[in-house]
>>> print(open('structure16.csv').read())   # CSV, C-alpha atoms
chain,number,residue,atom,x,y,z
A,192,TYR,CA,-17.9,6.2,18.3
A,193,LYS,CA,-17.1,8.5,15.4
A,194,GLY,CA,-15.0,10.8,17.6
A,195,PHE,CA,-12.9,7.8,18.8
A,196,TYR,CA,-12.7,6.6,15.2
A,197,ASN,CA,-11.5,10.0,14.0
A,198,ARG,CA,-8.9,10.2,16.8
A,199,GLY,CA,-7.8,6.7,15.8
A,200,LEU,CA,-7.3,7.9,12.3
A,201,LEU,CA,-5.2,10.8,13.6
A,202,TYR,CA,-3.0,8.4,15.5
A,203,LEU,CA,-2.6,6.3,12.3
A,204,LYS,CA,-1.6,9.3,10.2
A,205,ASN,CA,1.0,10.2,12.9
A,206,ASN,CA,2.5,6.7,12.8
A,207,GLN,CA,1.2,5.8,16.3
A,208,PRO,CA,-0.4,2.4,15.7
A,209,ARG,CA,-0.6,1.3,19.3
A,210,GLU,CA,-2.5,4.4,20.3
A,211,ALA,CA,-4.7,4.0,17.3
A,212,ILE,CA,-5.6,0.5,18.3
A,213,LEU,CA,-6.5,1.5,21.8
A,214,THR,CA,-8.7,4.4,20.6
A,215,LEU,CA,-10.3,2.3,17.8
A,216,ASN,CA,-11.1,-0.4,20.4
A,217,THR,CA,-13.1,2.2,22.3
A,218,ALA,CA,-15.0,3.2,19.1
A,219,LEU,CA,-15.7,-0.5,18.4
A,220,THR,CA,-17.1,-1.2,21.9
A,221,LEU,CA,-19.5,1.7,21.3
A,222,TYR,CA,-20.5,0.6,17.8
A,223,PRO,CA,-19.3,-2.1,15.4
A,224,TYR,CA,-18.3,0.5,12.7
A,225,SER,CA,-16.9,-1.1,9.5
A,226,LYS,CA,-14.4,1.7,8.9
A,227,ALA,CA,-13.1,1.4,12.4
A,228,TYR,CA,-12.3,-2.2,11.8
A,229,THR,CA,-10.5,-1.2,8.6
A,230,ALA,CA,-8.5,1.4,10.4
A,231,ARG,CA,-7.6,-1.0,13.2
A,232,ALA,CA,-6.5,-3.5,10.5
A,233,SER,CA,-4.2,-0.8,9.2
A,234,ALA,CA,-2.8,-0.3,12.6
A,235,TYR,CA,-2.2,-4.0,13.1
A,236,TYR,CA,-0.5,-4.1,9.7
A,237,MET,CA,1.8,-1.3,10.7
A,238,LEU,CA,2.8,-3.4,13.7
A,239,GLY,CA,3.4,-6.5,11.6
A,240,ASP,CA,0.5,-8.4,13.2
A,241,TYR,CA,-0.9,-9.8,9.9
A,242,ALA,CA,-3.3,-12.3,11.6
A,243,LYS,CA,-5.1,-9.5,13.5
A,244,SER,CA,-4.9,-7.2,10.5
A,245,LEU,CA,-6.5,-9.8,8.2
A,246,GLU,CA,-9.1,-10.6,10.7
A,247,ASP,CA,-10.2,-7.0,11.1
A,248,ALA,CA,-10.1,-6.3,7.3
A,249,GLN,CA,-12.3,-9.4,6.7
A,250,ARG,CA,-14.7,-8.4,9.4
A,251,SER,CA,-15.0,-5.0,7.7
A,252,ILE,CA,-15.7,-6.6,4.3
A,253,GLU,CA,-18.4,-8.7,5.8
A,254,THR,CA,-20.4,-5.6,6.5
A,255,GLU,CA,-19.1,-3.4,3.7
A,256,ALA,CA,-18.4,-5.6,0.7
A,257,ASN,CA,-17.0,-2.8,-1.5
A,258,ASN,CA,-14.5,-1.5,1.1
A,259,ALA,CA,-11.5,-0.8,-1.1
A,260,LYS,CA,-9.3,0.1,1.8
A,261,ALA,CA,-9.9,-3.2,3.5
A,262,TYR,CA,-8.9,-5.1,0.4
A,263,PHE,CA,-5.8,-2.9,0.1
A,264,VAL,CA,-4.8,-3.8,3.7
A,265,ILE,CA,-5.4,-7.5,2.9
A,266,GLY,CA,-3.2,-7.2,-0.2
A,267,ASN,CA,-0.4,-5.5,1.8
A,268,CYS,CA,-0.5,-8.3,4.4
A,269,TYR,CA,-0.4,-11.0,1.8
A,270,ASN,CA,2.4,-9.1,-0.1
A,271,ASP,CA,4.5,-8.9,3.0
A,272,MET,CA,3.8,-12.6,3.7
A,273,ASN,CA,5.0,-13.4,0.2
A,274,ARG,CA,1.6,-14.8,-0.8
A,275,LEU,CA,1.7,-12.9,-4.0
A,276,ASP,CA,-1.2,-14.5,-5.8
A,277,ASP,CA,-3.5,-13.7,-2.9
A,278,ALA,CA,-2.0,-10.2,-2.7
A,279,MET,CA,-2.8,-9.6,-6.4
A,280,LYS,CA,-6.4,-10.8,-6.0
A,281,ALA,CA,-6.9,-8.4,-3.1
A,282,TYR,CA,-5.3,-5.4,-4.9
A,283,ASN,CA,-7.5,-6.2,-8.0
A,284,LYS,CA,-10.5,-6.1,-5.7
A,285,SER,CA,-9.4,-2.9,-4.1
A,286,LEU,CA,-9.0,-1.3,-7.5
A,287,GLU,CA,-12.4,-2.6,-8.7
A,288,PHE,CA,-13.9,-0.4,-6.0
A,289,ASN,CA,-11.4,2.5,-6.1
A,290,GLY,CA,-9.6,2.7,-9.5
A,291,ASP,CA,-7.9,6.0,-8.6
A,292,ASP,CA,-5.7,4.9,-5.7
A,293,PRO,CA,-2.0,5.4,-6.6
A,294,ASP,CA,-0.9,3.5,-3.5
A,295,CYS,CA,-2.7,0.4,-4.7
A,296,TYR,CA,-1.3,0.6,-8.2
A,297,PHE,CA,2.2,1.0,-6.6
A,298,LYS,CA,1.8,-2.0,-4.3
A,299,ARG,CA,0.3,-4.2,-7.1
A,300,GLY,CA,3.2,-3.1,-9.3
A,301,ILE,CA,5.7,-4.2,-6.7
A,302,ALA,CA,3.9,-7.5,-6.3
A,303,SER,CA,4.0,-8.0,-10.1
A,304,GLY,CA,7.7,-7.3,-10.0
A,305,LYS,CA,8.2,-9.9,-7.3
A,306,LEU,CA,6.3,-12.3,-9.6
A,307,GLN,CA,8.8,-11.4,-12.4
A,308,ASN,CA,5.9,-9.9,-14.4
A,309,PHE,CA,7.8,-6.7,-15.3
A,310,GLU,CA,5.4,-5.6,-18.0
A,311,ALA,CA,2.5,-5.5,-15.5
A,312,CYS,CA,4.8,-3.9,-13.0
A,313,LEU,CA,5.8,-1.2,-15.4
A,314,SER,CA,2.1,-0.6,-16.3
A,315,ASP,CA,1.0,-0.2,-12.7
A,316,LEU,CA,3.8,2.0,-11.7
A,317,SER,CA,3.2,4.2,-14.7
A,318,THR,CA,-0.5,4.5,-13.7
A,319,CYS,CA,0.6,5.3,-10.1
A,320,ILE,CA,2.8,8.1,-11.4
A,321,THR,CA,0.1,9.4,-13.7
A,322,LEU,CA,-2.3,9.6,-10.7
A,323,LYS,CA,0.4,11.1,-8.4
A,324,PRO,CA,3.4,12.6,-10.3
A,325,ASP,CA,5.3,13.2,-7.0
A,326,TYR,CA,5.3,9.5,-6.0
A,327,TYR,CA,9.1,9.4,-6.3
A,328,GLU,CA,9.5,5.9,-5.0
A,329,ALA,CA,7.4,4.7,-7.9
A,330,TYR,CA,9.9,6.3,-10.3
A,331,TYR,CA,12.7,4.2,-8.7
A,332,TRP,CA,10.7,0.9,-9.0
A,333,ARG,CA,9.6,1.8,-12.5
A,334,GLY,CA,13.3,2.2,-13.3
A,335,VAL,CA,14.0,-1.2,-11.8
A,336,ALA,CA,11.2,-2.7,-14.0
A,337,LYS,CA,12.7,-1.0,-17.1
A,338,VAL,CA,16.2,-2.4,-16.3
A,339,ASN,CA,14.7,-5.9,-16.1
A,340,LEU,CA,12.9,-5.3,-19.4
A,341,LYS,CA,16.2,-4.0,-20.9
A,342,GLN,CA,14.7,-0.6,-21.5
A,343,ASN,CA,16.3,2.8,-20.7
A,344,ALA,CA,15.6,3.5,-17.0
A,345,CYS,CA,17.8,6.6,-16.6
A,346,ASP,CA,15.1,9.2,-16.6
A,347,ASP,CA,13.1,7.4,-13.9
A,348,LEU,CA,16.2,6.7,-11.8
A,349,ARG,CA,17.4,10.3,-12.1
A,350,ILE,CA,14.0,11.6,-10.9
A,351,ALA,CA,14.1,9.3,-7.9
A,352,ALA,CA,17.7,9.9,-7.2
A,353,LEU,CA,17.2,13.7,-7.1
A,354,ARG,CA,14.5,13.1,-4.4
A,355,ASN,CA,17.0,11.2,-2.3
A,356,ILE,CA,15.5,7.7,-2.8
A,357,LYS,CA,18.8,6.0,-1.7
A,358,PRO,CA,18.6,2.9,-3.9
A,359,ALA,CA,17.9,5.1,-6.9
A,360,VAL,CA,21.1,7.0,-6.4
A,361,GLN,CA,23.0,3.7,-6.5
A,362,ALA,CA,21.1,2.3,-9.4
A,363,PHE,CA,21.5,5.6,-11.3
A,364,ASN,CA,25.3,5.5,-10.8
A,365,LYS,CA,25.4,1.8,-11.9
A,366,TYR,CA,23.2,2.0,-15.0
A,367,CYS,CA,23.4,5.6,-16.2
A,368,ARG,CA,27.0,6.8,-15.8
>>> encode(input="structure16.csv", output="structure tokens")
Amino acid sequence: YKGFYNRGLLYLKNNQPREAILTLNTALTLYPYSKAYTARASAYYMLGDYAKSLEDAQRSIETEANNAKAYFVIGNCYNDMNRLDDAMKAYNKSLEFNGDDPDCYFKRGIASGKLQNFEACLSDLSTCITLKPDYYEAYYWRGVAKVNLKQNACDDLRIAALRNIKPAVQAFNKYCR
């Protein structure tokens, strides 16, 4: 089962969610491996099938209650479904088990921004950048949070624009020229 699980992960990393699902299905028929459910939840999320993604992530949590990745996938589903309070709870739970995940800080920051909580958004995006200084999309969104807080956003927007984050180029030209 682990060989099929690992192959499924490779398909995920190469943005081939359908192939990942087929391979992970094989792994799961051999053994109900919690991490394979989480990986399959990620694949379903990539395809926009939130119901199946949530089902697999929940199944994974039933056997591995501290599975940060499963909570992260749940948060992403809820975030995309605009169930932002549920997304925040899931991201908080994910960070409780893995407090060093820049992706989770990024996504929670975006959800905070959608909730118009720009202070929390700014804080999470700053943590994301501290953990991963080359997370250039986070610079753009931190700049957006700063614009909403009426702070100088030009440094962040410039960094993102120089890395060809398209909306950052437009925002830099609008707010910093």
>>> atom_distance(input="structure16.csv", atom1="atom CA of A:Leu219", atom2="atom CA of A:Glu246")
14.3 Å
>>> residues_around(input="structure16.csv", residues="A:Ile350", least_positions_apart="2", cutoff="8 Å", atoms="only C-alpha atoms", output="mmCIF file with C-alpha atoms, in the coordinates of the input")
data_model
loop_
_atom_site.group_PDB
_atom_site.id
_atom_site.type_symbol
_atom_site.label_atom_id
_atom_site.label_comp_id
_atom_site.auth_asym_id
_atom_site.auth_seq_id
_atom_site.Cartn_x
_atom_site.Cartn_y
_atom_site.Cartn_z
ATOM 1 C CA TYR A 327 9.100 9.400 -6.300
ATOM 2 C CA TYR A 330 9.900 6.300 -10.300
ATOM 3 C CA TYR A 331 12.700 4.200 -8.700
ATOM 4 C CA ASP A 346 15.100 9.200 -16.600
ATOM 5 C CA ASP A 347 13.100 7.400 -13.900
ATOM 6 C CA LEU A 348 16.200 6.700 -11.800
ATOM 7 C CA ALA A 352 17.700 9.900 -7.200
ATOM 8 C CA LEU A 353 17.200 13.700 -7.100
ATOM 9 C CA ARG A 354 14.500 13.100 -4.400
#
>>> residues_around(input="structure16.csv", residues="A:Asn206", least_positions_apart="4", cutoff="12 Å", atoms="all atoms listed in the file", output="list in words")
Gly199, Leu200, Leu201, Tyr202, Glu210, Ala211, Ile212, Ser233, Ala234, Tyr235, Tyr236, Met237 and Leu238 of chain A
>>> residues_around(input="structure16.csv", residues="A:Thr214", least_positions_apart="6", cutoff="10 Å", atoms="only C-alpha atoms", output="list in words")
Tyr192, Gly194, Phe195, Tyr196, Asn197, Arg198, Gly199, Leu200, Tyr202, Pro208, Ala227 and Arg231 of chain A
>>> atom_distance(input="structure16.csv", atom1="atom CA of A:Val264", atom2="atom CA of A:Ile356")
24.2 Å
>>> closest_residue(input="structure16.csv", among="A:Lys323, A:Arg333, A:Lys365, A:Arg209", to="A:Ile301", atoms="only C-alpha atoms")
A:Arg333
>>> atom_distance(input="structure16.csv", atom1="atom CA of A:Lys193", atom2="atom CA of A:Glu255")
16.8 Å
>>> closest_atom_pairs(input="structure16.csv", of="stretch 233-269 of chain A", to="stretch 281-297 of chain A", cutoff="9 Å", atoms="all atoms listed in the file", output="JSON lines")
{"residue": "A:Asn257", "atom": "CA", "partner": "A:Phe288", "partner_atom": "CA", "distance": 6.0}
{"residue": "A:Asn258", "atom": "CA", "partner": "A:Phe288", "partner_atom": "CA", "distance": 7.2}
{"residue": "A:Ala259", "atom": "CA", "partner": "A:Ser285", "partner_atom": "CA", "distance": 4.2}
{"residue": "A:Lys260", "atom": "CA", "partner": "A:Ser285", "partner_atom": "CA", "distance": 6.6}
{"residue": "A:Ala261", "atom": "CA", "partner": "A:Ser285", "partner_atom": "CA", "distance": 7.6}
{"residue": "A:Tyr262", "atom": "CA", "partner": "A:Ser285", "partner_atom": "CA", "distance": 5.0}
{"residue": "A:Phe263", "atom": "CA", "partner": "A:Ser285", "partner_atom": "CA", "distance": 5.5}
{"residue": "A:Val264", "atom": "CA", "partner": "A:Ala281", "partner_atom": "CA", "distance": 8.5}
{"residue": "A:Ile265", "atom": "CA", "partner": "A:Ala281", "partner_atom": "CA", "distance": 6.2}
{"residue": "A:Gly266", "atom": "CA", "partner": "A:Ala281", "partner_atom": "CA", "distance": 4.9}
{"residue": "A:Asn267", "atom": "CA", "partner": "A:Tyr282", "partner_atom": "CA", "distance": 8.3}
{"residue": "A:Tyr269", "atom": "CA", "partner": "A:Ala281", "partner_atom": "CA", "distance": 8.5}
>>> closest_residue(input="structure16.csv", among="A:Thr217, A:Ser317, A:Asn364, A:Ser225", to="A:Ala336", atoms="only C-alpha atoms")
A:Ser317
>>> closest_residue(input="structure16.csv", among="A:Ala230, A:Cys312, A:Ala278, A:Cys319", to="A:Leu213", atoms="all atoms listed in the file")
A:Ala230
